[in-house]
Structures are given as C-alpha cells and as structure tokens.
Amino acid sequence: MTMTAVLQPEPAPITACTVSRDVQNFDLLIEDMETELGESWGDLGFADASAFLDQDEAEELKFFAVALDSQDEANLPEITALITKARDKGVKVILIAEDVSPIVLHQLLHNGADDFVPYPLPENALHDAIERLNKPAPAPVQLAPQAATPTLTATGDRDGVVLAVHGMAGGTGATTFAVNLAYELATQEKKDNPRVCLIDLDFQFGSTATFLDLDRKEAVYEILSDTASMDSSAFMAALQSYNDKIHVLTAPAEMLPLDIATPDDISAVLEVARANFDFVVIDMPTTVCAWTETVLDAAQVYFAPIELDMRSAQNVMRMIRALKSEDLPYEKLRFALNRSPKFTDLSGKARVKRMAEGLDIDIELMLANGAKQVSDSADHGQPLAEFAPKNPLRRDIQKLAQSLLELVKSAEEAA
C-alpha cells in the first residue's frame, strides 16, 4: 500500500504591511493592497509595527503603507519614530494621507518617508508608488573635480543686489522677464561680467528650468528642507549653470506647498545667494504667502509685470492696498507693462495713461510685444538673446539691464 503525503503549501512571506490607527477607515487601501500583493501583506498598528521591525519575520519586509488622517497628527512623534526606524532597517515607507496638513507631510517625508499618495486613492496610485519603490537606486553621483565647474565655486565675498519679479496676474510674462533679465545682466560686458543667480521660488508651477532647458534637481528640495545646516558650498552645489552664464536654483522636481519654506528659510537662502553673487534675480509666484514680505524687504527693486487689462488693474489695486495695510514698503514696486502699445498706437498710449492715473502709480517700464518668438524661445530652452537677438522685447530688457549695471557701478564709485 502506498501512502501519499499531502503537502501543505507554506504561507507566503509578508512583504508589506499597512500601518494605521484603524485600517477599516481606509477600505480602498485594503482593496488595492490585495490587488497588488495578494495574501503577502499584513496589517499592524503603530506600536505593533515598531515591535515587528525587531523580529526575524521582518527580514522579508519591503515596505510599510502608513495610512493616517487628521486625527493622527496628535501622534506625530510616534509616527515619525516609526518611519525613522523603518528607514534604518531598510524598509521603505509610503504615506497614505487624508486631510493631513502640508507641514506634517513635509516633516514625515523629511524624516525618511519615501513616497506620498493622497487618500481616497486615485486609480493606480498605489501601484505606481510601489513601482517607484522597486526601481533600482541611481548610481551615486561622483563629484567632478572643482576645475570642471569653476563658475560654481563659492566666494562669500559679495553683497549682491536682489531683484524680485512678481507678476500681478497670470500670463503677464513674469518668468520670461526674470529669465531674460538675469541673462542680460550676466552677458552685457565683454569681460568681467557680474555673477548672476536666478532663483525660482514658485515651488508649484515654477518654469525657469523649462525656459533654460535645465533639470530639476532633488538638491533643491534638500536645501529648502534644511536651511539651518546650509552653507555656501551646499547652496552652490544645488545650482545649475546655463552655458556658464547664469546659475539657477530651479523649482523643486515635485509640486510642493508654498509654506514648505518659512520666512527664515527664504531669508537664509537669500543671504547665501547675496554673499556669492553680484545680482540675485527672483522669480516669485503670483500668490502672496508668508515669505513674500521677506523677499520684498530684501529686494532693492521689486518688479511687477502687468498688462493693459482690467484683471491687472484690479490686482495692482489689491496688492497696493494689502501692502499699505501692513505698513510694508509698497514704494519698491516697479510696474512693467508687458505687450505695451506701439509708438504709433495713440489710443493704446492713452489707455496706459488712464490706467496709471486711475491706480495712482507710475508705469516705469514699457516692454514691447515679443510675439511668437517669446514662446518659441521658451519651448527651445533658450533666452531671447540667443534665440532671437533682434526681438523687440529682448531689446527692452537689454536696455534695462544696462541701466541697472550703470546704477550699481555709480553707487559703488560713490561709496
């Protein structure tokens, strides 16, 4: 008689765990975990997850899906400690967050969380996050010899002029103005050109990287996350050079809330930039936030591009009213009318005059309509000086750069 042994299949090892106060509050997460992992996942509370990391069974663990909502913000130290411990054990962490403040998310990501997915989960969001975790880590970057990038060396001996550009409405050409002004300042002289830094502070939709065909470096986020330990060398390492002419701190690779940086953070960035560059040009978001005042106070000139339309007029009026109510230096605003009327357009020039009188402002800069060449130069990742040197907008910005350089030289000679 032959005896046939019935072999029971071994249970699949646990390769992932959800960690939450109550996973039943995240039923969509349960469904997606089952779809992605079958039976090779488990569920733990925050305290149990910390203990599980010390057990032998955790050796097969690849990631935690930490699910939290607004009620869990009170337990932030415990959650942070768990994420830090998971990072030290080599376990990845995906945050699944519902109604959690941006500051809390920033702290958790800064302390070791690898990815973030909002809840309710968008379709395939968890799958995509797991795919990102499974991608091999990039090879460590080998620092090039210092001689290979001489223009990025820190000096610390400058006292740069800060020029901010804040569009009073979307589409007024603020980024175009900022990028081309920075390039013109850096290329006016045949030799001994000033060192120029362009900083993109629009953390969500900043496009200076696109305008100059530059990559968005992760180092930008690291600089903004830890300005307390930032020095000149760290700041310079986060910059990118465009043709060895201007040095750019691009917007971060991912969309970030504007309050990810505090006024002290922005002040620290500007202080280091001024110490290493002759001119610091800042492309501001159109949104007014907590650190707008910081930039306004630091700037020698605060350019405000506008257009000849009602939305610009209304926004200028609201901006001036807001600055006056807070007793802020609104007189630093220098209004630049983009797509201004041509010399022969008497009707348009009359409208400009009525707009200025109605708002009680001086429109000091009249910027010509650069037409399609402007958008084409941005698409090609080149400043107008390289893409279309004879463009009328380029000529206007070039004249402005020349006048700024002359003013700075006169001030230095007078001192």
# chains A, B, ... in the order shown; residues from 1 in each chain; ligands from 1

$ residues_around --residues "Pro329 in chain A" --least-positions-apart "2" --cutoff "10 Å" --atoms "only C-alpha atoms" --output "short mmCIF file (atom, residue, chain, number, x, y, z; two decimals) with C-alpha atoms, in the first residue's frame"
data_model
loop_
_atom_site.label_atom_id
_atom_site.label_comp_id
_atom_site.auth_asym_id
_atom_site.auth_seq_id
_atom_site.Cartn_x
_atom_site.Cartn_y
_atom_site.Cartn_z
CA GLU A 293 7.31 90.14 2.82
CA LEU A 296 10.05 92.44 -0.55
CA ASP A 297 12.21 93.65 2.35
CA ILE A 320 -1.03 98.05 -3.03
CA LEU A 323 0.95 96.29 1.40
CA LYS A 324 -0.23 99.62 2.79
CA GLU A 326 0.57 96.00 6.70
CA ASP A 327 2.83 99.06 6.52
CA GLU A 331 7.11 102.02 -2.98
CA LYS A 332 9.60 99.32 -4.01
CA LEU A 333 7.14 98.12 -6.66
#

$ residues_around --residues "range 57-67 of chain A" --least-positions-apart "6" --cutoff "8 Å" --atoms "only C-alpha atoms" --output "list in words"
Pro13, Ile14, Thr15, Ala16, Cys17, Thr18, Val19, Ser20, Arg21, Val23, Phe26, Gly90, Val91, Lys92, Val93, Ile94, Leu95, Ile96 and Ala97 of chain A

$ write_last_selection --atoms "C-alpha atoms" --output "compact mmCIF listing (two decimals), in the first residue's frame"
# COMPACT_ATOMS: atom_id res chain seq x y z
CA PRO A 13 6.10 35.62 3.38
CA ILE A 14 4.88 39.03 4.44
CA THR A 15 6.47 41.56 2.12
CA ALA A 16 4.42 44.61 3.07
CA CYS A 17 2.21 45.90 5.87
CA THR A 18 -0.37 48.59 6.24
CA VAL A 19 0.18 50.60 9.42
CA SER A 20 -2.68 52.68 10.77
CA ARG A 21 -4.84 53.53 13.74
CA VAL A 23 -7.22 50.12 8.64
CA PHE A 26 -9.06 53.04 4.59
CA GLY A 90 15.96 49.31 5.13
CA VAL A 91 12.15 49.22 4.92
CA LYS A 92 10.57 51.72 2.54
CA VAL A 93 7.58 53.85 3.62
CA ILE A 94 4.63 55.03 1.52
CA LEU A 95 2.45 57.64 3.20
CA ILE A 96 -1.30 57.29 2.57
CA ALA A 97 -2.71 60.57 3.86

$ atom_distance --atom1 "CA of Ile103 in chain A" --atom2 "CA of Ala86 in chain A"
20.9 Å

$ residues_around --residues "range 213-223 of chain A" --least-positions-apart "3" --cutoff "10 Å" --atoms "only C-alpha atoms" --output "PyMOL selection string"
chain A and resi 110+203+207-210+226-231+234-235+237-242+248-254+256+260-261+265+269+378-382

$ write_last_selection --atoms "N, CA and C atoms" --output "CSV table (one decimal), in the first residue's frame"
chain,number,residue,atom,x,y,z
A,110,HIS,N,10.6,64.4,5.3
A,110,HIS,CA,12.0,64.8,5.7
A,110,HIS,C,12.6,63.8,6.6
A,203,PHE,N,7.3,77.2,-6.0
A,203,PHE,CA,7.5,75.7,-5.8
A,203,PHE,C,6.5,74.8,-6.5
A,207,SER,N,8.8,77.6,-13.7
A,207,SER,CA,9.2,77.1,-15.1
A,207,SER,C,10.5,77.6,-15.6
A,208,THR,N,11.4,78.2,-14.7
A,208,THR,CA,12.7,78.7,-15.2
A,208,THR,C,13.5,77.5,-15.7
A,209,ALA,N,13.3,76.3,-15.2
A,209,ALA,CA,14.0,75.1,-15.7
A,209,ALA,C,13.6,74.9,-17.1
A,210,THR,N,12.4,75.0,-17.4
A,210,THR,CA,11.9,74.8,-18.8
A,210,THR,C,12.4,75.8,-19.7
A,226,ASP,N,16.2,72.0,4.8
A,226,ASP,CA,17.2,72.1,5.9
A,226,ASP,C,18.1,73.3,5.8
A,227,THR,N,17.5,74.5,5.8
A,227,THR,CA,18.3,75.7,5.6
A,227,THR,C,19.2,75.9,6.8
A,228,ALA,N,18.9,75.4,7.9
A,228,ALA,CA,19.7,75.6,9.1
A,228,ALA,C,21.2,75.1,9.0
A,229,SER,N,21.3,74.0,8.2
A,229,SER,CA,22.6,73.5,8.0
A,229,SER,C,23.2,73.8,6.6
A,230,MET,N,22.6,74.7,5.9
A,230,MET,CA,23.0,75.1,4.6
A,230,MET,C,24.2,76.1,4.7
A,231,ASP,N,25.2,75.8,3.9
A,231,ASP,CA,26.3,76.8,3.8
A,231,ASP,C,26.5,77.1,2.3
A,234,ALA,N,27.0,74.1,0.0
A,234,ALA,CA,25.8,73.3,-0.3
A,234,ALA,C,24.8,74.0,-1.2
A,235,PHE,N,24.7,75.3,-1.0
A,235,PHE,CA,23.9,76.1,-1.9
A,235,PHE,C,24.4,76.1,-3.3
A,237,ALA,N,26.2,73.8,-4.7
A,237,ALA,CA,26.0,72.5,-5.3
A,237,ALA,C,24.6,72.3,-5.8
A,238,ALA,N,23.6,73.0,-5.3
A,238,ALA,CA,22.2,72.8,-5.7
A,238,ALA,C,21.9,73.6,-7.0
A,239,LEU,N,22.8,74.5,-7.4
A,239,LEU,CA,22.6,75.4,-8.6
A,239,LEU,C,23.0,74.6,-9.9
A,240,GLN,N,22.4,75.1,-10.9
A,240,GLN,CA,22.8,74.6,-12.3
A,240,GLN,C,23.2,75.8,-13.1
A,241,SER,N,24.2,75.6,-14.0
A,241,SER,CA,24.7,76.7,-14.8
A,241,SER,C,24.1,76.6,-16.2
A,242,TYR,N,23.7,77.7,-16.7
A,242,TYR,CA,23.3,77.8,-18.1
A,242,TYR,C,24.4,78.4,-18.9
A,248,VAL,N,21.4,78.9,-11.7
A,248,VAL,CA,19.9,78.8,-11.4
A,248,VAL,C,19.6,77.8,-10.3
A,249,LEU,N,18.8,78.3,-9.4
A,249,LEU,CA,18.2,77.4,-8.4
A,249,LEU,C,16.7,77.2,-8.9
A,250,THR,N,16.5,76.1,-9.5
A,250,THR,CA,15.2,75.8,-10.2
A,250,THR,C,14.1,75.5,-9.1
A,251,ALA,N,12.9,75.5,-9.5
A,251,ALA,CA,11.8,75.0,-8.6
A,251,ALA,C,12.1,73.5,-8.4
A,252,PRO,N,11.6,73.0,-7.3
A,252,PRO,CA,11.7,71.5,-7.0
A,252,PRO,C,11.1,70.6,-8.1
A,253,ALA,N,11.5,69.4,-8.1
A,253,ALA,CA,11.1,68.4,-9.1
A,253,ALA,C,9.6,68.2,-8.9
A,254,GLU,N,9.1,68.1,-7.7
A,254,GLU,CA,7.7,67.9,-7.4
A,254,GLU,C,7.0,69.1,-6.9
A,256,LEU,N,5.2,71.4,-4.5
A,256,LEU,CA,5.3,71.5,-3.0
A,256,LEU,C,4.4,72.7,-2.6
A,260,ILE,N,6.0,75.3,2.6
A,260,ILE,CA,7.1,74.3,2.9
A,260,ILE,C,8.3,75.1,3.4
A,261,ALA,N,8.5,76.3,3.0
A,261,ALA,CA,9.6,77.2,3.4
A,261,ALA,C,9.0,78.3,4.3
A,265,ASP,N,13.6,80.5,6.3
A,265,ASP,CA,14.3,79.7,5.3
A,265,ASP,C,14.6,80.5,4.1
A,269,VAL,N,18.3,81.5,2.4
A,269,VAL,CA,18.7,81.3,1.0
A,269,VAL,C,19.2,82.6,0.4
A,378,ALA,N,11.1,80.0,-25.2
A,378,ALA,CA,10.9,79.2,-24.0
A,378,ALA,C,10.8,77.7,-24.3
A,379,ASP,N,10.1,77.4,-25.4
A,379,ASP,CA,10.0,76.0,-25.8
A,379,ASP,C,11.3,75.4,-26.2
A,380,HIS,N,12.2,76.2,-26.7
A,380,HIS,CA,13.6,75.7,-27.1
A,380,HIS,C,14.6,75.8,-26.0
A,381,GLY,N,14.1,76.3,-24.8
A,381,GLY,CA,15.0,76.4,-23.7
A,381,GLY,C,16.2,77.4,-23.9
A,382,GLN,N,15.9,78.5,-24.5
A,382,GLN,CA,17.0,79.5,-24.8
A,382,GLN,C,16.5,80.9,-24.4

$ residues_around --residues "range 308-319 of chain A" --least-positions-apart "5" --cutoff "12 Å" --atoms "only C-alpha atoms" --output "mmCIF file with N, CA and C atoms, in the first residue's frame"
data_model
loop_
_atom_site.group_PDB
_atom_site.id
_atom_site.type_symbol
_atom_site.label_atom_id
_atom_site.label_comp_id
_atom_site.auth_asym_id
_atom_site.auth_seq_id
_atom_site.Cartn_x
_atom_site.Cartn_y
_atom_site.Cartn_z
ATOM 1 N N HIS A 166 7.498 89.786 -9.691
ATOM 2 C CA HIS A 166 6.231 89.238 -9.181
ATOM 3 C C HIS A 166 5.110 89.655 -10.136
ATOM 4 N N GLY A 167 4.655 88.724 -10.959
ATOM 5 C CA GLY A 167 3.573 89.027 -11.884
ATOM 6 C C GLY A 167 2.288 89.354 -11.150
ATOM 7 N N MET A 168 1.629 90.426 -11.559
ATOM 8 C CA MET A 168 0.393 90.831 -10.908
ATOM 9 C C MET A 168 -0.810 90.020 -11.376
ATOM 10 N N ALA A 169 -0.607 89.173 -12.375
ATOM 11 C CA ALA A 169 -1.657 88.270 -12.853
ATOM 12 C C ALA A 169 -0.982 87.191 -13.677
ATOM 13 N N GLY A 170 -1.660 86.071 -13.860
ATOM 14 C CA GLY A 170 -1.098 85.018 -14.673
ATOM 15 C C GLY A 170 -0.938 85.439 -16.122
ATOM 16 N N GLY A 171 0.178 85.041 -16.735
ATOM 17 C CA GLY A 171 0.382 85.352 -18.137
ATOM 18 C C GLY A 171 0.933 86.728 -18.438
ATOM 19 N N THR A 172 1.392 87.434 -17.428
ATOM 20 C CA THR A 172 1.946 88.774 -17.670
ATOM 21 C C THR A 172 3.422 88.728 -18.062
ATOM 22 N N THR A 286 2.770 84.067 -8.264
ATOM 23 C CA THR A 286 1.780 85.146 -8.241
ATOM 24 C C THR A 286 1.063 85.202 -6.903
ATOM 25 N N THR A 287 1.041 84.079 -6.174
ATOM 26 C CA THR A 287 0.391 84.027 -4.864
ATOM 27 C C THR A 287 1.208 84.780 -3.825
ATOM 28 N N VAL A 288 0.539 85.541 -2.981
ATOM 29 C CA VAL A 288 1.187 86.181 -1.841
ATOM 30 C C VAL A 288 1.149 85.203 -0.669
ATOM 31 N N THR A 292 6.502 86.341 1.286
ATOM 32 C CA THR A 292 6.542 87.417 0.297
ATOM 33 C C THR A 292 7.143 88.686 0.907
ATOM 34 N N LYS A 324 -0.044 98.436 1.947
ATOM 35 C CA LYS A 324 -0.229 99.621 2.791
ATOM 36 C C LYS A 324 -0.847 99.245 4.130
ATOM 37 N N SER A 325 -1.793 98.318 4.129
ATOM 38 C CA SER A 325 -2.455 97.939 5.385
ATOM 39 C C SER A 325 -1.486 97.293 6.367
ATOM 40 N N GLU A 326 -0.429 96.640 5.828
ATOM 41 C CA GLU A 326 0.571 96.002 6.696
ATOM 42 C C GLU A 326 1.801 96.884 6.892
ATOM 43 N N LEU A 328 3.972 97.904 4.728
ATOM 44 C CA LEU A 328 5.108 97.327 4.008
ATOM 45 C C LEU A 328 5.561 98.292 2.910
ATOM 46 N N PRO A 329 6.808 98.181 2.468
ATOM 47 C CA PRO A 329 7.373 99.163 1.521
ATOM 48 C C PRO A 329 6.834 98.998 0.095
ATOM 49 N N TYR A 330 5.601 99.431 -0.117
ATOM 50 C CA TYR A 330 4.977 99.283 -1.433
ATOM 51 C C TYR A 330 5.670 100.139 -2.489
ATOM 52 N N GLU A 331 6.432 101.143 -2.022
ATOM 53 C CA GLU A 331 7.108 102.019 -2.979
ATOM 54 C C GLU A 331 8.225 101.294 -3.725
ATOM 55 N N LEU A 333 7.740 98.691 -5.454
ATOM 56 C CA LEU A 333 7.140 98.122 -6.664
ATOM 57 C C LEU A 333 7.486 98.967 -7.878
ATOM 58 N N ARG A 334 7.976 98.315 -8.916
ATOM 59 C CA ARG A 334 8.256 98.976 -10.183
ATOM 60 C C ARG A 334 7.417 98.285 -11.253
ATOM 61 N N PHE A 335 6.421 98.991 -11.761
ATOM 62 C CA PHE A 335 5.460 98.368 -12.661
ATOM 63 C C PHE A 335 6.005 98.357 -14.088
ATOM 64 N N ALA A 336 5.922 97.162 -14.688
ATOM 65 C CA ALA A 336 6.403 96.955 -16.056
ATOM 66 C C ALA A 336 5.232 96.487 -16.908
ATOM 67 N N LEU A 337 4.865 97.287 -17.890
ATOM 68 C CA LEU A 337 3.727 96.946 -18.747
ATOM 69 C C LEU A 337 4.204 96.069 -19.894
ATOM 70 N N ASN A 338 3.823 94.807 -19.845
ATOM 71 C CA ASN A 338 4.186 93.883 -20.919
ATOM 72 C C ASN A 338 3.216 94.036 -22.096
ATOM 73 N N ARG A 339 3.714 93.736 -23.305
ATOM 74 C CA ARG A 339 2.922 93.873 -24.537
ATOM 75 C C ARG A 339 2.344 95.284 -24.639
ATOM 76 N N SER A 340 3.189 96.257 -24.383
ATOM 77 C CA SER A 340 2.747 97.659 -24.378
ATOM 78 C C SER A 340 2.427 98.128 -25.789
ATOM 79 N N PRO A 341 1.618 99.184 -25.930
ATOM 80 C CA PRO A 341 1.247 99.691 -27.256
ATOM 81 C C PRO A 341 2.468 100.189 -28.024
ATOM 82 N N GLY A 348 -3.852 103.324 -27.648
ATOM 83 C CA GLY A 348 -3.296 102.464 -26.612
ATOM 84 C C GLY A 348 -2.510 103.244 -25.582
ATOM 85 N N LYS A 349 -1.739 104.214 -26.028
ATOM 86 C CA LYS A 349 -0.961 105.028 -25.096
ATOM 87 C C LYS A 349 -1.870 105.834 -24.182
ATOM 88 N N ALA A 350 -3.013 106.269 -24.696
ATOM 89 C CA ALA A 350 -3.974 106.998 -23.863
ATOM 90 C C ALA A 350 -4.564 106.072 -22.796
ATOM 91 N N ARG A 351 -4.818 104.826 -23.167
ATOM 92 C CA ARG A 351 -5.336 103.855 -22.195
ATOM 93 C C ARG A 351 -4.312 103.605 -21.086
ATOM 94 N N VAL A 352 -3.033 103.543 -21.463
ATOM 95 C CA VAL A 352 -1.972 103.353 -20.465
ATOM 96 C C VAL A 352 -1.962 104.519 -19.480
ATOM 97 N N LYS A 353 -2.093 105.718 -20.007
ATOM 98 C CA LYS A 353 -2.083 106.898 -19.144
ATOM 99 C C LYS A 353 -3.272 106.891 -18.190
ATOM 100 N N ARG A 354 -4.453 106.533 -18.701
ATOM 101 C CA ARG A 354 -5.642 106.490 -17.835
ATOM 102 C C ARG A 354 -5.492 105.409 -16.765
ATOM 103 N N MET A 355 -4.903 104.280 -17.127
ATOM 104 C CA MET A 355 -4.703 103.203 -16.160
ATOM 105 C C MET A 355 -3.767 103.647 -15.036
ATOM 106 N N ALA A 356 -2.669 104.279 -15.403
ATOM 107 C CA ALA A 356 -1.712 104.751 -14.398
ATOM 108 C C ALA A 356 -2.335 105.797 -13.485
ATOM 109 N N GLU A 357 -3.093 106.726 -14.066
ATOM 110 C CA GLU A 357 -3.729 107.763 -13.257
ATOM 111 C C GLU A 357 -4.805 107.183 -12.356
ATOM 112 N N GLY A 358 -5.565 106.222 -12.886
ATOM 113 C CA GLY A 358 -6.620 105.616 -12.080
ATOM 114 C C GLY A 358 -6.091 104.833 -10.896
ATOM 115 N N LEU A 359 -4.926 104.220 -11.072
ATOM 116 C CA LEU A 359 -4.328 103.422 -9.991
ATOM 117 C C LEU A 359 -3.364 104.244 -9.142
ATOM 118 N N ASP A 360 -3.069 105.464 -9.577
ATOM 119 C CA ASP A 360 -2.111 106.336 -8.888
ATOM 120 C C ASP A 360 -0.738 105.668 -8.794
ATOM 121 N N ILE A 361 -0.280 105.163 -9.932
ATOM 122 C CA ILE A 361 1.029 104.526 -9.995
ATOM 123 C C ILE A 361 1.796 105.087 -11.181
ATOM 124 N N ASP A 362 3.099 104.839 -11.192
ATOM 125 C CA ASP A 362 3.940 105.153 -12.344
ATOM 126 C C ASP A 362 4.277 103.840 -13.052
ATOM 127 N N ILE A 363 3.991 103.775 -14.325
ATOM 128 C CA ILE A 363 4.387 102.602 -15.112
ATOM 129 C C ILE A 363 5.731 102.954 -15.743
ATOM 130 N N MET A 366 8.104 100.045 -20.178
ATOM 131 C CA MET A 366 7.214 99.675 -21.268
ATOM 132 C C MET A 366 7.914 98.584 -22.060
ATOM 133 N N LEU A 367 7.383 97.372 -21.985
ATOM 134 C CA LEU A 367 8.000 96.214 -22.631
ATOM 135 C C LEU A 367 7.232 95.875 -23.906
ATOM 136 N N ASN A 369 5.826 93.951 -27.299
ATOM 137 C CA ASN A 369 5.235 92.642 -27.546
ATOM 138 C C ASN A 369 6.216 91.814 -28.379
#

$ atom_distance --atom1 "CA of Phe277 in chain A" --atom2 "CA of Tyr302 in chain A"
17.9 Å

$ select_by_dssp --residues "range 93-270 of chain A" --states "strand (DSSP E or B)" --output "number ranges by chain"
A: 93-98, 115-118, 161-165, 196-200, 240-242, 246-249

$ write_last_selection --atoms "N, CA and C atoms" --output "PDB file, in the first residue's frame"
ATOM      1  N   VAL A  93       8.841  53.359   3.036  1.00  0.00           N
ATOM      2  CA  VAL A  93       7.583  53.847   3.621  1.00  0.00           C
ATOM      3  C   VAL A  93       6.821  54.660   2.580  1.00  0.00           C
ATOM      4  N   ILE A  94       5.556  54.247   2.346  1.00  0.00           N
ATOM      5  CA  ILE A  94       4.634  55.027   1.516  1.00  0.00           C
ATOM      6  C   ILE A  94       3.598  55.652   2.436  1.00  0.00           C
ATOM      7  N   LEU A  95       3.464  56.955   2.405  1.00  0.00           N
ATOM      8  CA  LEU A  95       2.448  57.640   3.200  1.00  0.00           C
ATOM      9  C   LEU A  95       1.127  57.657   2.446  1.00  0.00           C
ATOM     10  N   ILE A  96       0.056  57.194   3.105  1.00  0.00           N
ATOM     11  CA  ILE A  96      -1.298  57.291   2.565  1.00  0.00           C
ATOM     12  C   ILE A  96      -2.030  58.288   3.463  1.00  0.00           C
ATOM     13  N   ALA A  97      -2.262  59.492   2.977  1.00  0.00           N
ATOM     14  CA  ALA A  97      -2.711  60.571   3.860  1.00  0.00           C
ATOM     15  C   ALA A  97      -4.043  61.155   3.405  1.00  0.00           C
ATOM     16  N   GLU A  98      -4.915  61.370   4.380  1.00  0.00           N
ATOM     17  CA  GLU A  98      -6.208  62.011   4.141  1.00  0.00           C
ATOM     18  C   GLU A  98      -6.372  63.186   5.098  1.00  0.00           C
ATOM     19  N   ASP A 115       7.604  58.036  -0.180  1.00  0.00           N
ATOM     20  CA  ASP A 115       6.627  58.452  -1.183  1.00  0.00           C
ATOM     21  C   ASP A 115       5.341  58.854  -0.479  1.00  0.00           C
ATOM     22  N   PHE A 116       4.481  59.527  -1.214  1.00  0.00           N
ATOM     23  CA  PHE A 116       3.217  60.020  -0.663  1.00  0.00           C
ATOM     24  C   PHE A 116       2.109  59.820  -1.682  1.00  0.00           C
ATOM     25  N   VAL A 117       0.980  59.273  -1.209  1.00  0.00           N
ATOM     26  CA  VAL A 117      -0.198  59.094  -2.053  1.00  0.00           C
ATOM     27  C   VAL A 117      -1.408  59.632  -1.287  1.00  0.00           C
ATOM     28  N   PRO A 118      -2.212  60.498  -1.896  1.00  0.00           N
ATOM     29  CA  PRO A 118      -3.392  61.026  -1.189  1.00  0.00           C
ATOM     30  C   PRO A 118      -4.485  59.966  -1.083  1.00  0.00           C
ATOM     31  N   VAL A 161      22.886  92.481  -5.347  1.00  0.00           N
ATOM     32  CA  VAL A 161      21.653  93.246  -5.493  1.00  0.00           C
ATOM     33  C   VAL A 161      20.512  92.270  -5.746  1.00  0.00           C
ATOM     34  N   VAL A 162      19.427  92.380  -4.990  1.00  0.00           N
ATOM     35  CA  VAL A 162      18.286  91.476  -5.119  1.00  0.00           C
ATOM     36  C   VAL A 162      17.211  92.148  -5.973  1.00  0.00           C
ATOM     37  N   LEU A 163      16.828  91.482  -7.054  1.00  0.00           N
ATOM     38  CA  LEU A 163      15.796  91.972  -7.970  1.00  0.00           C
ATOM     39  C   LEU A 163      14.692  90.918  -8.035  1.00  0.00           C
ATOM     40  N   ALA A 164      13.532  91.228  -7.490  1.00  0.00           N
ATOM     41  CA  ALA A 164      12.418  90.287  -7.495  1.00  0.00           C
ATOM     42  C   ALA A 164      11.469  90.611  -8.638  1.00  0.00           C
ATOM     43  N   VAL A 165      10.830  89.573  -9.183  1.00  0.00           N
ATOM     44  CA  VAL A 165       9.852  89.734 -10.256  1.00  0.00           C
ATOM     45  C   VAL A 165       8.580  89.018  -9.846  1.00  0.00           C
ATOM     46  N   VAL A 196      25.629  86.194 -11.668  1.00  0.00           N
ATOM     47  CA  VAL A 196      24.176  86.352 -11.582  1.00  0.00           C
ATOM     48  C   VAL A 196      23.545  85.018 -11.180  1.00  0.00           C
ATOM     49  N   CYS A 197      22.677  85.075 -10.179  1.00  0.00           N
ATOM     50  CA  CYS A 197      21.941  83.896  -9.720  1.00  0.00           C
ATOM     51  C   CYS A 197      20.454  84.131  -9.962  1.00  0.00           C
ATOM     52  N   LEU A 198      19.797  83.150 -10.553  1.00  0.00           N
ATOM     53  CA  LEU A 198      18.351  83.193 -10.787  1.00  0.00           C
ATOM     54  C   LEU A 198      17.697  82.165  -9.871  1.00  0.00           C
ATOM     55  N   ILE A 199      16.769  82.607  -9.024  1.00  0.00           N
ATOM     56  CA  ILE A 199      16.121  81.720  -8.058  1.00  0.00           C
ATOM     57  C   ILE A 199      14.631  81.641  -8.369  1.00  0.00           C
ATOM     58  N   ASP A 200      14.140  80.432  -8.544  1.00  0.00           N
ATOM     59  CA  ASP A 200      12.719  80.206  -8.829  1.00  0.00           C
ATOM     60  C   ASP A 200      12.022  79.808  -7.526  1.00  0.00           C
ATOM     61  N   GLN A 240      22.402  75.093 -10.944  1.00  0.00           N
ATOM     62  CA  GLN A 240      22.789  74.625 -12.270  1.00  0.00           C
ATOM     63  C   GLN A 240      23.219  75.826 -13.102  1.00  0.00           C
ATOM     64  N   SER A 241      24.169  75.581 -13.965  1.00  0.00           N
ATOM     65  CA  SER A 241      24.699  76.654 -14.796  1.00  0.00           C
ATOM     66  C   SER A 241      24.112  76.568 -16.196  1.00  0.00           C
ATOM     67  N   TYR A 242      23.685  77.713 -16.714  1.00  0.00           N
ATOM     68  CA  TYR A 242      23.259  77.777 -18.106  1.00  0.00           C
ATOM     69  C   TYR A 242      24.383  78.392 -18.926  1.00  0.00           C
ATOM     70  N   ILE A 246      24.633  82.149 -16.331  1.00  0.00           N
ATOM     71  CA  ILE A 246      23.866  82.376 -15.103  1.00  0.00           C
ATOM     72  C   ILE A 246      23.745  81.062 -14.355  1.00  0.00           C
ATOM     73  N   HIS A 247      23.555  81.159 -13.052  1.00  0.00           N
ATOM     74  CA  HIS A 247      23.443  79.987 -12.186  1.00  0.00           C
ATOM     75  C   HIS A 247      22.041  79.994 -11.586  1.00  0.00           C
ATOM     76  N   VAL A 248      21.361  78.861 -11.684  1.00  0.00           N
ATOM     77  CA  VAL A 248      19.927  78.807 -11.441  1.00  0.00           C
ATOM     78  C   VAL A 248      19.589  77.831 -10.321  1.00  0.00           C
ATOM     79  N   LEU A 249      18.793  78.300  -9.361  1.00  0.00           N
ATOM     80  CA  LEU A 249      18.154  77.417  -8.386  1.00  0.00           C
ATOM     81  C   LEU A 249      16.734  77.197  -8.892  1.00  0.00           C
TER      82      LEU A 249
END

$ select_by_dssp --residues "range 88-294 of chain A" --states "alpha helix (DSSP H)" --output "MDAnalysis selection string"
chainID A and resid 88 102:110 125:134 174:187 208:211 218:225 232:238 263:276 292:294

$ residues_around --residues "Arg158 in chain A" --least-positions-apart "4" --cutoff "8 Å" --atoms "only C-alpha atoms" --output "PyMOL selection string"
chain A and resi 274-278

$ atom_distance --atom1 "CA of Met284 in chain A" --atom2 "CA of Leu393 in chain A"
20.3 Å

$ closest_residue --among "A:Lys85, A:Thr35, A:Gln71, A:Ile306" --to "Phe52 in chain A" --atoms "only C-alpha atoms"
A:Lys85

$ decode --residues "range 172-192 of chain A" --atoms "C-alpha atoms" --output "PDB file, in the first residue's frame"
ATOM      1  CA  THR A 172       1.946  88.774 -17.670  1.00  0.00           C
ATOM      2  CA  GLY A 173       5.361  87.417 -18.672  1.00  0.00           C
ATOM      3  CA  ALA A 174       6.995  87.474 -15.230  1.00  0.00           C
ATOM      4  CA  THR A 175       9.125  84.356 -15.779  1.00  0.00           C
ATOM      5  CA  THR A 176      10.107  85.491 -19.270  1.00  0.00           C
ATOM      6  CA  PHE A 177      11.140  88.831 -17.789  1.00  0.00           C
ATOM      7  CA  ALA A 178      13.080  87.265 -14.896  1.00  0.00           C
ATOM      8  CA  VAL A 179      14.959  84.721 -17.027  1.00  0.00           C
ATOM      9  CA  ASN A 180      15.935  87.202 -19.722  1.00  0.00           C
ATOM     10  CA  LEU A 181      16.844  89.947 -17.261  1.00  0.00           C
ATOM     11  CA  ALA A 182      19.176  87.553 -15.435  1.00  0.00           C
ATOM     12  CA  TYR A 183      20.810  86.515 -18.715  1.00  0.00           C
ATOM     13  CA  GLU A 184      21.223  90.087 -19.938  1.00  0.00           C
ATOM     14  CA  LEU A 185      22.814  91.162 -16.650  1.00  0.00           C
ATOM     15  CA  ALA A 186      25.328  88.330 -16.970  1.00  0.00           C
ATOM     16  CA  THR A 187      26.295  88.982 -20.594  1.00  0.00           C
ATOM     17  CA  GLN A 188      26.430  92.757 -21.082  1.00  0.00           C
ATOM     18  CA  GLU A 189      30.177  93.104 -20.608  1.00  0.00           C
ATOM     19  CA  LYS A 190      32.775  91.521 -22.873  1.00  0.00           C
ATOM     20  CA  LYS A 191      34.801  90.562 -19.818  1.00  0.00           C
ATOM     21  CA  ASP A 192      34.442  90.638 -16.047  1.00  0.00           C
TER      22      ASP A 192
END
